[in-house]
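data-v2.tsv, holding TSV, C-alpha atoms (C1' of nucleotides):
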```
chain	number	residue	atom	x	y	z
A	1	MET	CA	0.00	0.00	0.00
A	2	THR	CA	2.91	2.36	-0.54
A	3	ASP	CA	4.09	3.95	-3.72
A	4	LYS	CA	7.13	6.01	-4.59
A	5	TYR	CA	5.13	9.23	-4.25
A	6	ASP	CA	3.96	8.64	-0.68
A	7	ALA	CA	6.34	11.26	0.65
A	8	LEU	CA	4.52	13.84	-1.50
A	9	LYS	CA	1.09	13.22	-0.04
A	10	LEU	CA	-0.30	16.25	1.75
A	11	GLU	CA	-1.41	14.09	4.64
A	12	ASN	CA	2.12	12.77	5.13
A	13	GLN	CA	3.65	16.21	5.55
A	14	LEU	CA	4.57	17.71	8.88
A	15	CYS	CA	4.99	21.21	7.54
A	16	PHE	CA	1.55	21.47	6.01
A	17	PRO	CA	-0.54	20.99	9.17
A	18	LEU	CA	1.86	23.31	10.97
A	19	TYR	CA	1.36	25.96	8.31
A	20	ALA	CA	-2.40	25.49	8.15
A	21	CYS	CA	-2.82	25.30	11.92
A	22	ALA	CA	-0.85	28.50	12.48
A	23	LYS	CA	-2.99	30.32	9.93
A	24	GLU	CA	-6.25	29.04	11.37
A	25	ILE	CA	-5.33	29.98	14.91
A	26	VAL	CA	-4.16	33.44	13.90
A	27	ARG	CA	-7.48	33.79	12.13
A	28	LYS	CA	-9.29	32.91	15.36
A	29	TYR	CA	-7.47	35.72	17.09
A	30	LYS	CA	-8.83	38.27	14.66
A	31	PRO	CA	-12.20	39.08	16.29
A	32	PHE	CA	-10.51	39.53	19.67
A	33	LEU	CA	-7.66	41.58	18.23
A	34	ASP	CA	-10.14	43.69	16.27
A	35	GLU	CA	-11.58	44.80	19.60
A	36	ILE	CA	-8.26	46.37	20.54
A	37	ASP	CA	-7.47	47.42	16.95
A	38	LEU	CA	-4.30	45.34	16.56
A	39	THR	CA	-3.28	42.87	13.89
A	40	TYR	CA	-1.60	39.66	14.97
A	41	THR	CA	1.83	40.92	14.02
A	42	GLN	CA	1.26	44.17	15.86
A	43	TYR	CA	0.04	42.14	18.84
A	44	ILE	CA	3.15	39.98	19.15
A	45	ALA	CA	5.35	43.04	18.71
A	46	MET	CA	3.46	44.75	21.55
A	47	MET	CA	3.86	41.60	23.62
A	48	VAL	CA	7.62	41.95	23.48
A	49	LEU	CA	7.39	45.66	24.27
A	50	TRP	CA	5.25	45.02	27.33
A	51	GLU	CA	8.05	42.80	28.59
A	52	ARG	CA	10.94	44.95	27.51
A	53	GLU	CA	9.82	48.58	27.25
A	54	LYS	CA	12.80	49.42	25.03
A	55	ILE	CA	14.31	47.34	22.27
A	56	ASN	CA	15.87	47.91	18.88
A	57	VAL	CA	14.47	46.55	15.63
A	58	LYS	CA	17.07	43.85	15.21
A	59	GLU	CA	16.59	42.37	18.66
A	60	LEU	CA	12.82	42.56	18.33
A	61	GLY	CA	13.19	40.68	15.07
A	62	GLU	CA	15.19	37.98	16.81
A	63	TYR	CA	12.42	37.47	19.33
A	64	LEU	CA	9.71	37.36	16.67
A	65	TYR	CA	11.63	35.65	13.86
A	66	LEU	CA	10.87	38.60	11.61
A	67	ASP	CA	13.21	40.89	9.68
A	68	SER	CA	13.23	44.65	9.23
A	69	GLY	CA	11.38	44.30	5.94
A	70	THR	CA	8.37	43.07	7.87
A	71	LEU	CA	8.87	44.97	11.09
A	72	THR	CA	9.49	48.46	9.75
A	73	PRO	CA	5.95	48.93	8.37
A	74	VAL	CA	4.40	47.21	11.41
A	75	LEU	CA	6.28	49.49	13.78
A	76	LYS	CA	5.35	52.57	11.76
A	77	LYS	CA	1.71	51.55	12.14
A	78	LEU	CA	2.11	51.15	15.90
A	79	GLU	CA	3.79	54.54	16.00
A	80	GLN	CA	0.82	56.09	14.15
A	81	LYS	CA	-1.44	54.56	16.76
A	82	LYS	CA	0.70	56.20	19.47
A	83	TYR	CA	1.53	52.92	21.19
A	84	ILE	CA	5.27	53.20	20.54
A	85	THR	CA	7.94	55.69	19.56
A	86	ARG	CA	10.81	55.09	17.15
A	87	THR	CA	14.02	57.00	17.75
A	88	ARG	CA	17.59	56.59	16.56
A	89	ALA	CA	19.93	55.66	19.38
A	90	LYS	CA	22.24	58.48	20.40
A	91	ASP	CA	25.25	56.25	20.93
A	92	ASP	CA	24.83	54.31	17.68
A	93	GLU	CA	22.67	55.96	15.08
A	94	ARG	CA	22.22	52.74	13.13
A	95	ASN	CA	19.89	51.47	15.85
A	96	VAL	CA	16.24	52.46	15.99
A	97	ILE	CA	14.98	52.14	19.54
A	98	ILE	CA	11.35	51.17	19.95
A	99	SER	CA	9.85	52.44	23.21
A	100	LEU	CA	6.45	51.92	24.74
A	101	THR	CA	4.34	55.06	25.22
A	102	LYS	CA	1.89	55.58	28.06
A	103	GLU	CA	-0.94	54.65	25.65
A	104	GLY	CA	0.92	51.49	24.71
A	105	GLU	CA	1.37	50.66	28.35
A	106	MET	CA	-2.33	51.21	28.98
A	107	LEU	CA	-3.33	48.92	26.13
A	108	ARG	CA	-1.86	46.06	28.13
A	109	ASP	CA	-4.85	45.88	30.45
A	110	LYS	CA	-7.20	45.41	27.54
A	111	ALA	CA	-4.88	43.01	25.73
A	112	VAL	CA	-4.62	40.71	28.73
A	113	GLU	CA	-8.17	39.59	27.97
A	114	VAL	CA	-7.16	38.27	24.55
A	115	PRO	CA	-5.29	35.14	25.68
A	116	LYS	CA	-8.13	34.33	28.05
A	117	LYS	CA	-10.70	34.51	25.28
A	118	MET	CA	-8.44	32.54	22.93
A	119	SER	CA	-7.85	29.67	25.31
A	120	ALA	CA	-11.60	29.18	25.43
A	121	CYS	CA	-11.55	28.78	21.64
A	122	ILE	CA	-8.80	26.20	21.40
A	123	ASN	CA	-9.75	22.78	22.55
A	124	ILE	CA	-6.58	21.07	23.71
A	125	GLU	CA	-5.65	19.05	26.78
A	126	PRO	CA	-3.36	20.96	29.15
A	127	ASP	CA	-0.65	18.30	29.04
A	128	GLU	CA	-0.85	18.19	25.26
A	129	ALA	CA	-0.48	21.97	25.17
A	130	VAL	CA	2.64	21.75	27.32
A	131	TRP	CA	4.06	19.06	25.08
A	132	LEU	CA	3.25	20.95	21.92
A	133	HIS	CA	4.81	24.10	23.32
A	134	LYS	CA	7.98	22.21	24.17
A	135	ILE	CA	8.37	20.47	20.84
A	136	LEU	CA	7.70	23.66	18.88
A	137	TYR	CA	10.38	25.54	20.78
A	138	LYS	CA	12.73	22.64	20.20
A	139	LEU	CA	12.12	22.98	16.47
A	140	LEU	CA	12.47	26.76	16.64
A	141	GLU	CA	15.82	26.41	18.35
A	142	GLN	CA	17.09	24.74	15.20
A	143	SER	CA	16.44	27.90	13.22
A	144	LYS	CA	18.83	29.98	15.23
B	1	MET	CA	6.42	34.60	40.65
B	2	THR	CA	3.27	35.25	38.67
B	3	ASP	CA	1.68	38.54	37.78
B	4	LYS	CA	-1.57	39.48	36.14
B	5	TYR	CA	0.13	39.86	32.76
B	6	ASP	CA	1.62	36.37	32.62
B	7	ALA	CA	-0.90	35.30	29.99
B	8	LEU	CA	0.51	38.01	27.71
B	9	LYS	CA	4.08	36.77	27.78
B	10	LEU	CA	5.32	35.66	24.39
B	11	GLU	CA	6.86	32.55	25.90
B	12	ASN	CA	3.52	31.52	27.39
B	13	GLN	CA	1.70	31.55	24.07
B	14	LEU	CA	0.92	28.46	22.08
B	15	CYS	CA	0.05	30.34	18.91
B	16	PHE	CA	3.31	32.20	18.64
B	17	PRO	CA	5.68	29.21	18.40
B	18	LEU	CA	3.22	27.62	16.00
B	19	TYR	CA	3.27	30.73	13.85
B	20	ALA	CA	7.03	31.15	14.03
B	21	CYS	CA	7.75	27.48	13.49
B	22	ALA	CA	5.55	27.30	10.42
B	23	LYS	CA	7.31	30.30	8.92
B	24	GLU	CA	10.76	28.97	9.68
B	25	ILE	CA	10.05	25.58	8.18
B	26	VAL	CA	8.47	27.06	5.07
B	27	ARG	CA	11.62	29.15	4.77
B	28	LYS	CA	13.75	26.02	4.95
B	29	TYR	CA	11.81	24.61	1.99
B	30	LYS	CA	12.75	27.57	-0.16
B	31	PRO	CA	16.12	26.41	-1.52
B	32	PHE	CA	14.68	23.01	-2.42
B	33	LEU	CA	11.55	24.50	-3.95
B	34	ASP	CA	13.66	27.00	-5.88
B	35	GLU	CA	15.26	24.05	-7.65
B	36	ILE	CA	11.90	23.09	-9.11
B	37	ASP	CA	10.73	26.71	-9.46
B	38	LEU	CA	7.75	26.44	-7.10
B	39	THR	CA	6.76	28.58	-4.14
B	40	TYR	CA	5.47	26.81	-1.03
B	41	THR	CA	1.85	27.64	-1.83
B	42	GLN	CA	2.29	26.44	-5.40
B	43	TYR	CA	3.91	23.28	-4.04
B	44	ILE	CA	1.05	22.33	-1.72
B	45	ALA	CA	-1.45	23.06	-4.47
B	46	MET	CA	0.48	20.74	-6.81
B	47	MET	CA	0.55	18.13	-4.07
B	48	VAL	CA	-3.23	17.98	-4.08
B	49	LEU	CA	-3.27	17.88	-7.87
B	50	TRP	CA	-0.87	14.95	-7.96
B	51	GLU	CA	-3.33	13.07	-5.78
B	52	ARG	CA	-6.50	14.22	-7.47
B	53	GLU	CA	-5.73	15.16	-11.09
B	54	LYS	CA	-8.93	17.25	-11.27
B	55	ILE	CA	-10.47	19.48	-8.64
B	56	ASN	CA	-12.33	22.76	-8.49
B	57	VAL	CA	-11.05	25.83	-6.69
B	58	LYS	CA	-13.45	25.56	-3.79
B	59	GLU	CA	-12.58	21.96	-2.98
B	60	LEU	CA	-8.86	22.67	-3.38
B	61	GLY	CA	-9.32	25.52	-0.93
B	62	GLU	CA	-10.93	23.17	1.57
B	63	TYR	CA	-7.92	20.87	1.41
B	64	LEU	CA	-5.44	23.71	1.78
B	65	TYR	CA	-7.39	26.00	4.13
B	66	LEU	CA	-7.09	28.77	1.55
B	67	ASP	CA	-9.75	30.86	-0.17
B	68	SER	CA	-10.16	31.94	-3.78
B	69	GLY	CA	-8.54	35.27	-3.00
B	70	THR	CA	-5.31	33.44	-2.36
B	71	LEU	CA	-5.72	30.56	-4.75
B	72	THR	CA	-6.76	32.41	-7.91
B	73	PRO	CA	-3.41	34.17	-8.39
B	74	VAL	CA	-1.47	31.05	-7.36
B	75	LEU	CA	-3.35	28.93	-9.87
B	76	LYS	CA	-2.87	31.51	-12.60
B	77	LYS	CA	0.87	31.31	-11.96
B	78	LEU	CA	0.81	27.50	-12.18
B	79	GLU	CA	-1.17	27.83	-15.41
B	80	GLN	CA	1.47	30.17	-16.83
B	81	LYS	CA	4.08	27.57	-15.95
B	82	LYS	CA	2.01	25.01	-17.88
B	83	TYR	CA	1.63	22.68	-14.92
B	84	ILE	CA	-2.16	22.99	-14.78
B	85	THR	CA	-5.11	24.12	-16.85
B	86	ARG	CA	-8.09	26.15	-15.61
B	87	THR	CA	-11.39	25.55	-17.36
B	88	ARG	CA	-14.97	26.32	-16.48
B	89	ALA	CA	-17.00	23.17	-15.89
B	90	LYS	CA	-19.45	22.40	-18.70
B	91	ASP	CA	-22.22	21.28	-16.39
B	92	ASP	CA	-21.87	24.19	-13.96
B	93	GLU	CA	-20.03	27.20	-15.25
B	94	ARG	CA	-19.48	28.61	-11.77
B	95	ASN	CA	-16.86	25.94	-11.16
B	96	VAL	CA	-13.32	26.32	-12.41
B	97	ILE	CA	-11.76	22.90	-12.83
B	98	ILE	CA	-8.04	22.66	-12.22
B	99	SER	CA	-6.41	19.83	-14.16
B	100	LEU	CA	-2.88	18.54	-14.18
B	101	THR	CA	-1.03	18.82	-17.50
B	102	LYS	CA	1.56	16.34	-18.68
B	103	GLU	CA	4.26	18.82	-17.58
B	104	GLY	CA	2.63	19.02	-14.18
B	105	GLU	CA	2.57	15.26	-13.97
B	106	MET	CA	6.23	15.09	-14.91
B	107	LEU	CA	7.20	17.59	-12.23
B	108	ARG	CA	6.18	15.01	-9.66
B	109	ASP	CA	9.33	12.98	-10.13
B	110	LYS	CA	11.47	15.98	-9.33
B	111	ALA	CA	9.25	17.12	-6.48
B	112	VAL	CA	9.46	13.79	-4.72
B	113	GLU	CA	13.03	14.65	-3.76
B	114	VAL	CA	11.87	17.71	-1.80
B	115	PRO	CA	10.39	15.88	1.23
B	116	LYS	CA	13.47	13.69	1.37
B	117	LYS	CA	15.76	16.69	1.48
B	118	MET	CA	13.54	18.45	4.00
B	119	SER	CA	13.42	15.58	6.44
B	120	ALA	CA	17.18	15.72	6.60
B	121	CYS	CA	16.86	19.37	7.69
B	122	ILE	CA	14.37	18.91	10.48
B	123	ASN	CA	15.73	17.28	13.54
B	124	ILE	CA	12.84	15.56	15.26
B	125	GLU	CA	12.35	12.12	16.80
B	126	PRO	CA	10.09	9.92	14.66
B	127	ASP	CA	7.65	9.33	17.50
B	128	GLU	CA	7.55	13.04	18.25
B	129	ALA	CA	6.83	13.73	14.60
B	130	VAL	CA	3.95	11.28	14.63
B	131	TRP	CA	2.57	12.81	17.79
B	132	LEU	CA	2.95	16.35	16.47
B	133	HIS	CA	1.22	15.37	13.26
B	134	LYS	CA	-1.68	13.93	15.20
B	135	ILE	CA	-2.17	16.86	17.52
B	136	LEU	CA	-1.97	19.39	14.69
B	137	TYR	CA	-4.65	17.58	12.72
B	138	LYS	CA	-6.77	17.44	15.85
B	139	LEU	CA	-6.49	21.22	16.13
B	140	LEU	CA	-7.17	21.65	12.44
B	141	GLU	CA	-10.35	19.61	12.73
B	142	GLN	CA	-11.68	22.29	15.06
B	143	SER	CA	-11.52	24.84	12.26
B	144	LYS	CA	-13.93	22.99	10.04
C	1	DG	C1'	44.03	58.57	10.61
C	2	DG	C1'	42.12	56.16	6.70
C	3	DC	C1'	39.94	52.65	4.30
C	4	DA	C1'	37.65	48.02	4.02
C	5	DA	C1'	34.35	45.30	6.07
C	6	DT	C1'	30.45	44.98	8.88
C	7	DT	C1'	26.09	46.26	10.94
C	8	DC	C1'	21.51	48.09	11.03
C	9	DA	C1'	17.14	49.79	9.31
C	10	DA	C1'	14.76	51.00	5.35
C	11	DT	C1'	13.37	50.12	0.71
C	12	DT	C1'	12.03	47.39	-3.33
C	13	DG	C1'	9.94	43.63	-5.58
C	14	DC	C1'	7.40	39.62	-5.36
C	15	DA	C1'	4.20	36.32	-3.28
C	16	DT	C1'	1.02	35.35	-0.15
C	17	DA	C1'	-3.36	35.65	3.08
C	18	DC	C1'	-7.87	37.13	4.08
C	19	DA	C1'	-12.16	40.00	4.58
C	20	DA	C1'	-15.46	42.02	1.88
C	21	DT	C1'	-17.53	42.82	-2.37
C	22	DT	C1'	-18.87	41.71	-7.05
C	23	DA	C1'	-20.58	39.23	-10.95
C	24	DA	C1'	-22.07	35.32	-13.14
C	25	DA	C1'	-24.46	30.96	-12.85
C	26	DC	C1'	-27.48	28.02	-10.81
C	27	DT	C1'	-31.39	26.35	-7.64
C	28	DA	C1'	-35.75	26.56	-5.27
C	29	DC	C1'	-39.97	27.73	-4.99
C	30	DC	C1'	-44.07	29.21	-6.16
D	1	DG	C1'	-41.27	30.72	-16.18
D	2	DG	C1'	-39.86	34.35	-13.16
D	3	DT	C1'	-37.53	35.79	-9.16
D	4	DA	C1'	-35.22	35.51	-4.64
D	5	DG	C1'	-31.62	33.30	-2.63
D	6	DT	C1'	-27.40	30.67	-2.98
D	7	DT	C1'	-23.04	29.27	-4.78
D	8	DT	C1'	-18.59	29.93	-6.97
D	9	DA	C1'	-14.49	32.55	-8.57
D	10	DA	C1'	-12.61	36.71	-9.17
D	11	DT	C1'	-11.50	41.24	-7.59
D	12	DT	C1'	-10.21	44.86	-4.30
D	13	DG	C1'	-7.92	46.60	-0.39
D	14	DT	C1'	-5.04	45.91	3.50
D	15	DA	C1'	-1.39	43.57	5.95
D	16	DT	C1'	2.10	40.65	6.04
D	17	DG	C1'	6.67	37.99	4.92
D	18	DC	C1'	11.10	37.57	2.87
D	19	DA	C1'	15.18	38.04	-0.30
D	20	DA	C1'	18.02	41.33	-2.03
D	21	DT	C1'	19.68	45.85	-2.23
D	22	DT	C1'	20.72	50.40	-0.46
D	23	DG	C1'	22.59	53.90	2.46
D	24	DA	C1'	24.18	55.54	6.65
D	25	DA	C1'	26.95	54.59	10.68
D	26	DT	C1'	30.33	52.10	13.01
D	27	DT	C1'	34.21	48.99	13.70
D	28	DG	C1'	38.58	46.72	12.66
D	29	DC	C1'	42.84	46.85	11.28
D	30	DC	C1'	47.00	48.38	9.78
```

Could you quickly redo this structure as structure tokens?
Amino acid sequence: MTDKYDALKLENQLCFPLYACAKEIVRKYKPFLDEIDLTYTQYIAMMVLWEREKINVKELGEYLYLDSGTLTPVLKKLEQKKYITRTRAKDDERNVIISLTKEGEMLRDKAVEVPKKMSACINIEPDEAVWLHKILYKLLEQSK
Amino acid sequence: MTDKYDALKLENQLCFPLYACAKEIVRKYKPFLDEIDLTYTQYIAMMVLWEREKINVKELGEYLYLDSGTLTPVLKKLEQKKYITRTRAKDDERNVIISLTKEGEMLRDKAVEVPKKMSACINIEPDEAVWLHKILYKLLEQSK
DNA sequence: GGCAATTCAATTGCATACAATTAAACTACC
DNA sequence: GGTAGTTTAATTGTATGCAATTGAATTGCC
């Protein structure tokens, strides 16, 4: 019951369900993120800022696995919305420092509801979630 | 050691590593897919075609979790490359039938090397891979 | 000190993704 | 048989993503 093309079957891929699952879950975030007027990419960028307050684009990109080509427009949007500021570092003008504004800080209290609402949408056993989390980070480590 | 914002920490998310992991793995495909001049989206579309030969856009979208807004331009590209044809169904002109061409069929022999090369790039225990596959499909089921 | 190499963010070009709308075709129902 | 509702792709508009390039700033090295 095997043929030489088995490896090409969609159902035999590991990448495909990963790709599809990520998209579907990000899509589920949308209604909740709409309430606080953030896209998913803006949301994860804010997440880092809430932890760090100040960070440059390169380091932010390392956290998020995104490059400046993606981040620059996202950060400009967040700047427009007054959640962050973008300023060249005095000591090294190549670096653009992203800083949280007071408005950005305040958004945190509204955003904290998002993960709560999401967890109600994803039906997964707690121990499976822990496992999945672990294995995904193990795979991510390989990309560094 | 917990605070009210713990749920907002990037490292506590399940969606983020899923999202990042999917992107990183798709990126790892790129050099192999470049060799056969396919993008990842074109590749997974071809994968379905190699299994099905004929399918309409809607049903293809259900397999791939993609809508016509994404698929139409992808399929037009594959048509340009002569791997598929797009024709309105005689019996119901709303349906666009995607069919594999002989060139598309022939590409399969080259494409079958891609999963082989990829598996050498992803370092994961076989039983973990099976488990991951299972849990991802379980999550995907919830999006139907 | 001066120049080559490196670093960083921004830009460009291309390819997704998806929500919302549109237009054409078909179905149901009377 | 006519019309309202439904279905299917395509289109439009917005937001990513990423490779490659650019330009400014900095560092290394002699």

Using 9 Å as the limit and counting all atoms listed in the file, can you tabulate each residue of chain D that touches chain A, with its shortest atom-to-atom distance in Å and the two atoms involved, as JSON lines?
```
{"residue": "D:DA15", "atom": "C1'", "partner": "A:Thr39", "partner_atom": "CA", "distance": 8.2}
{"residue": "D:DT16", "atom": "C1'", "partner": "A:Thr70", "partner_atom": "CA", "distance": 7.0}
{"residue": "D:DG17", "atom": "C1'", "partner": "A:Thr70", "partner_atom": "CA", "distance": 6.1}
{"residue": "D:DC18", "atom": "C1'", "partner": "A:Gly69", "partner_atom": "CA", "distance": 7.4}
{"residue": "D:DA24", "atom": "C1'", "partner": "A:Arg94", "partner_atom": "CA", "distance": 7.3}
{"residue": "D:DA25", "atom": "C1'", "partner": "A:Arg94", "partner_atom": "CA", "distance": 5.6}
{"residue": "D:DT26", "atom": "C1'", "partner": "A:Asp92", "partner_atom": "CA", "distance": 7.5}
```

How many Å separate CA of Leu78 in chain A from C1' of DG13 in chain D?
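Separation of CA of Leu78 in chain A and C1' of DG13 in chain D: 19.7 Å.
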
Return as an mmCIF file with C-alpha atoms (C1' of nucleotides), keeping the file's coordinate frame the residues belonging to chain C that are within 8 Å of chain B, counting only C-alpha atoms (C1' of nucleotides).
```cif
data_model
loop_
_atom_site.group_PDB
_atom_site.id
_atom_site.type_symbol
_atom_site.label_atom_id
_atom_site.label_comp_id
_atom_site.auth_asym_id
_atom_site.auth_seq_id
_atom_site.Cartn_x
_atom_site.Cartn_y
_atom_site.Cartn_z
ATOM 1 C "C1'" DT C 16 1.020 35.350 -0.150
ATOM 2 C "C1'" DA C 17 -3.360 35.650 3.080
ATOM 3 C "C1'" DC C 18 -7.870 37.130 4.080
ATOM 4 C "C1'" DA C 24 -22.070 35.320 -13.140
ATOM 5 C "C1'" DA C 25 -24.460 30.960 -12.850
ATOM 6 C "C1'" DC C 26 -27.480 28.020 -10.810
#
```

Counting all atoms listed in the file, what are the residues of chain B within 9 Å of chain A, and for each of them which pair of atoms is the nearest and at what distance in Å, to one decimal? Sort the table by chain and rising number, as JSON lines.
```
{"residue": "B:Lys4", "atom": "CA", "partner": "A:Val112", "partner_atom": "CA", "distance": 8.1}
{"residue": "B:Tyr5", "atom": "CA", "partner": "A:Val112", "partner_atom": "CA", "distance": 6.3}
{"residue": "B:Asp6", "atom": "CA", "partner": "A:Val112", "partner_atom": "CA", "distance": 8.5}
{"residue": "B:Ala7", "atom": "CA", "partner": "A:Pro115", "partner_atom": "CA", "distance": 6.2}
{"residue": "B:Leu8", "atom": "CA", "partner": "A:Val112", "partner_atom": "CA", "distance": 5.9}
{"residue": "B:Lys9", "atom": "CA", "partner": "A:Met47", "partner_atom": "CA", "distance": 6.4}
{"residue": "B:Leu10", "atom": "CA", "partner": "A:Met47", "partner_atom": "CA", "distance": 6.2}
{"residue": "B:Asn12", "atom": "CA", "partner": "A:His133", "partner_atom": "CA", "distance": 8.6}
{"residue": "B:Gln13", "atom": "CA", "partner": "A:Pro115", "partner_atom": "CA", "distance": 8.0}
{"residue": "B:Leu14", "atom": "CA", "partner": "A:His133", "partner_atom": "CA", "distance": 6.0}
{"residue": "B:Cys15", "atom": "CA", "partner": "A:Ile25", "partner_atom": "CA", "distance": 6.7}
{"residue": "B:Phe16", "atom": "CA", "partner": "A:Ile44", "partner_atom": "CA", "distance": 7.8}
{"residue": "B:Pro17", "atom": "CA", "partner": "A:Leu136", "partner_atom": "CA", "distance": 5.9}
{"residue": "B:Leu18", "atom": "CA", "partner": "A:Ala22", "partner_atom": "CA", "distance": 5.5}
{"residue": "B:Tyr19", "atom": "CA", "partner": "A:Ala22", "partner_atom": "CA", "distance": 4.9}
{"residue": "B:Ala20", "atom": "CA", "partner": "A:Tyr65", "partner_atom": "CA", "distance": 6.4}
{"residue": "B:Cys21", "atom": "CA", "partner": "A:Leu140", "partner_atom": "CA", "distance": 5.7}
{"residue": "B:Ala22", "atom": "CA", "partner": "A:Tyr19", "partner_atom": "CA", "distance": 4.9}
{"residue": "B:Lys23", "atom": "CA", "partner": "A:Tyr19", "partner_atom": "CA", "distance": 7.4}
{"residue": "B:Glu24", "atom": "CA", "partner": "A:Ser143", "partner_atom": "CA", "distance": 6.8}
{"residue": "B:Ile25", "atom": "CA", "partner": "A:Cys15", "partner_atom": "CA", "distance": 6.7}
{"residue": "B:Val26", "atom": "CA", "partner": "A:Cys15", "partner_atom": "CA", "distance": 7.2}
{"residue": "B:Lys28", "atom": "CA", "partner": "A:Ser143", "partner_atom": "CA", "distance": 8.9}
{"residue": "B:Ile44", "atom": "CA", "partner": "A:Leu10", "partner_atom": "CA", "distance": 7.1}
{"residue": "B:Met47", "atom": "CA", "partner": "A:Leu10", "partner_atom": "CA", "distance": 6.2}
{"residue": "B:Val48", "atom": "CA", "partner": "A:Leu10", "partner_atom": "CA", "distance": 6.8}
{"residue": "B:Trp50", "atom": "CA", "partner": "A:Lys9", "partner_atom": "CA", "distance": 8.3}
{"residue": "B:Glu51", "atom": "CA", "partner": "A:Lys9", "partner_atom": "CA", "distance": 7.2}
{"residue": "B:Tyr63", "atom": "CA", "partner": "A:Leu10", "partner_atom": "CA", "distance": 8.9}
{"residue": "B:Leu64", "atom": "CA", "partner": "A:Ala20", "partner_atom": "CA", "distance": 7.3}
{"residue": "B:Tyr65", "atom": "CA", "partner": "A:Ala20", "partner_atom": "CA", "distance": 6.4}
{"residue": "B:Leu66", "atom": "CA", "partner": "A:Ala20", "partner_atom": "CA", "distance": 8.7}
{"residue": "B:Arg108", "atom": "CA", "partner": "A:Tyr5", "partner_atom": "CA", "distance": 8.0}
{"residue": "B:Asp109", "atom": "CA", "partner": "A:Tyr5", "partner_atom": "CA", "distance": 8.1}
{"residue": "B:Ala111", "atom": "CA", "partner": "A:Leu8", "partner_atom": "CA", "distance": 7.6}
{"residue": "B:Val112", "atom": "CA", "partner": "A:Leu8", "partner_atom": "CA", "distance": 5.9}
{"residue": "B:Glu113", "atom": "CA", "partner": "A:Ala7", "partner_atom": "CA", "distance": 8.7}
{"residue": "B:Val114", "atom": "CA", "partner": "A:Leu8", "partner_atom": "CA", "distance": 8.3}
{"residue": "B:Pro115", "atom": "CA", "partner": "A:Ala7", "partner_atom": "CA", "distance": 6.2}
{"residue": "B:Lys116", "atom": "CA", "partner": "A:Ala7", "partner_atom": "CA", "distance": 7.6}
{"residue": "B:Ile122", "atom": "CA", "partner": "A:Leu139", "partner_atom": "CA", "distance": 7.6}
{"residue": "B:Asn123", "atom": "CA", "partner": "A:Leu139", "partner_atom": "CA", "distance": 7.4}
{"residue": "B:Ile124", "atom": "CA", "partner": "A:Leu139", "partner_atom": "CA", "distance": 7.6}
{"residue": "B:Glu128", "atom": "CA", "partner": "A:Ile135", "partner_atom": "CA", "distance": 7.9}
{"residue": "B:Ala129", "atom": "CA", "partner": "A:Leu14", "partner_atom": "CA", "distance": 7.3}
{"residue": "B:Val130", "atom": "CA", "partner": "A:Leu14", "partner_atom": "CA", "distance": 8.6}
{"residue": "B:Leu132", "atom": "CA", "partner": "A:Leu132", "partner_atom": "CA", "distance": 7.1}
{"residue": "B:His133", "atom": "CA", "partner": "A:Leu14", "partner_atom": "CA", "distance": 6.0}
{"residue": "B:Ile135", "atom": "CA", "partner": "A:Glu128", "partner_atom": "CA", "distance": 8.0}
{"residue": "B:Leu136", "atom": "CA", "partner": "A:Pro17", "partner_atom": "CA", "distance": 5.9}
{"residue": "B:Tyr137", "atom": "CA", "partner": "A:Pro17", "partner_atom": "CA", "distance": 6.4}
{"residue": "B:Lys138", "atom": "CA", "partner": "A:Ile124", "partner_atom": "CA", "distance": 8.7}
{"residue": "B:Leu139", "atom": "CA", "partner": "A:Cys21", "partner_atom": "CA", "distance": 6.9}
{"residue": "B:Leu140", "atom": "CA", "partner": "A:Cys21", "partner_atom": "CA", "distance": 5.7}
{"residue": "B:Gln142", "atom": "CA", "partner": "A:Asn123", "partner_atom": "CA", "distance": 7.8}
{"residue": "B:Ser143", "atom": "CA", "partner": "A:Glu24", "partner_atom": "CA", "distance": 6.8}
```

Between C1' of DT21 in chain D and CA of Gln42 in chain B, what distance in Å does the model show, to one decimal?
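Rounded to one decimal, the two atoms are 26.3 Å apart.
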
Exercise: range 55-58 of chain B partners within 8 Å, only C-alpha atoms (C1' of nucleotides), chain neighbours under 3 positions left out, as a list of chain:residue names
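Here the answer would be B:Leu49, B:Arg52, B:Gly61, B:Glu62, B:Asp67, B:Ser68, B:Leu71, B:Thr72, B:Asn95, B:Val96, B:Ile97, B:Ile98, B:Ser99, D:DT8, D:DA9.
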
Selected residues written out, C-alpha atoms (C1' of nucleotides), as a tab-separated table (two decimals), keeping the file's coordinate frame:
```tsv
chain	number	residue	atom	x	y	z
B	49	LEU	CA	-3.27	17.88	-7.87
B	52	ARG	CA	-6.50	14.22	-7.47
B	61	GLY	CA	-9.32	25.52	-0.93
B	62	GLU	CA	-10.93	23.17	1.57
B	67	ASP	CA	-9.75	30.86	-0.17
B	68	SER	CA	-10.16	31.94	-3.78
B	71	LEU	CA	-5.72	30.56	-4.75
B	72	THR	CA	-6.76	32.41	-7.91
B	95	ASN	CA	-16.86	25.94	-11.16
B	96	VAL	CA	-13.32	26.32	-12.41
B	97	ILE	CA	-11.76	22.90	-12.83
B	98	ILE	CA	-8.04	22.66	-12.22
B	99	SER	CA	-6.41	19.83	-14.16
D	8	DT	C1'	-18.59	29.93	-6.97
D	9	DA	C1'	-14.49	32.55	-8.57
```

As an exercise, work out the distance from C1' of DC29 in chain C to C1' of DA4 in chain D in Å and give it to one decimal place.
9.1 Å

Taking all atoms of range 21-30 of chain C that the file lists and extending 5 Å past them on each side, where is the centre of the axis-aligned box and how long are its edges? Answer in Å to one decimal, as AutoDock Vina command-line options.
```
--center_x -30.8 --center_y 34.6 --center_z -7.8 --size_x 36.5 --size_y 26.5 --size_z 20.8
```
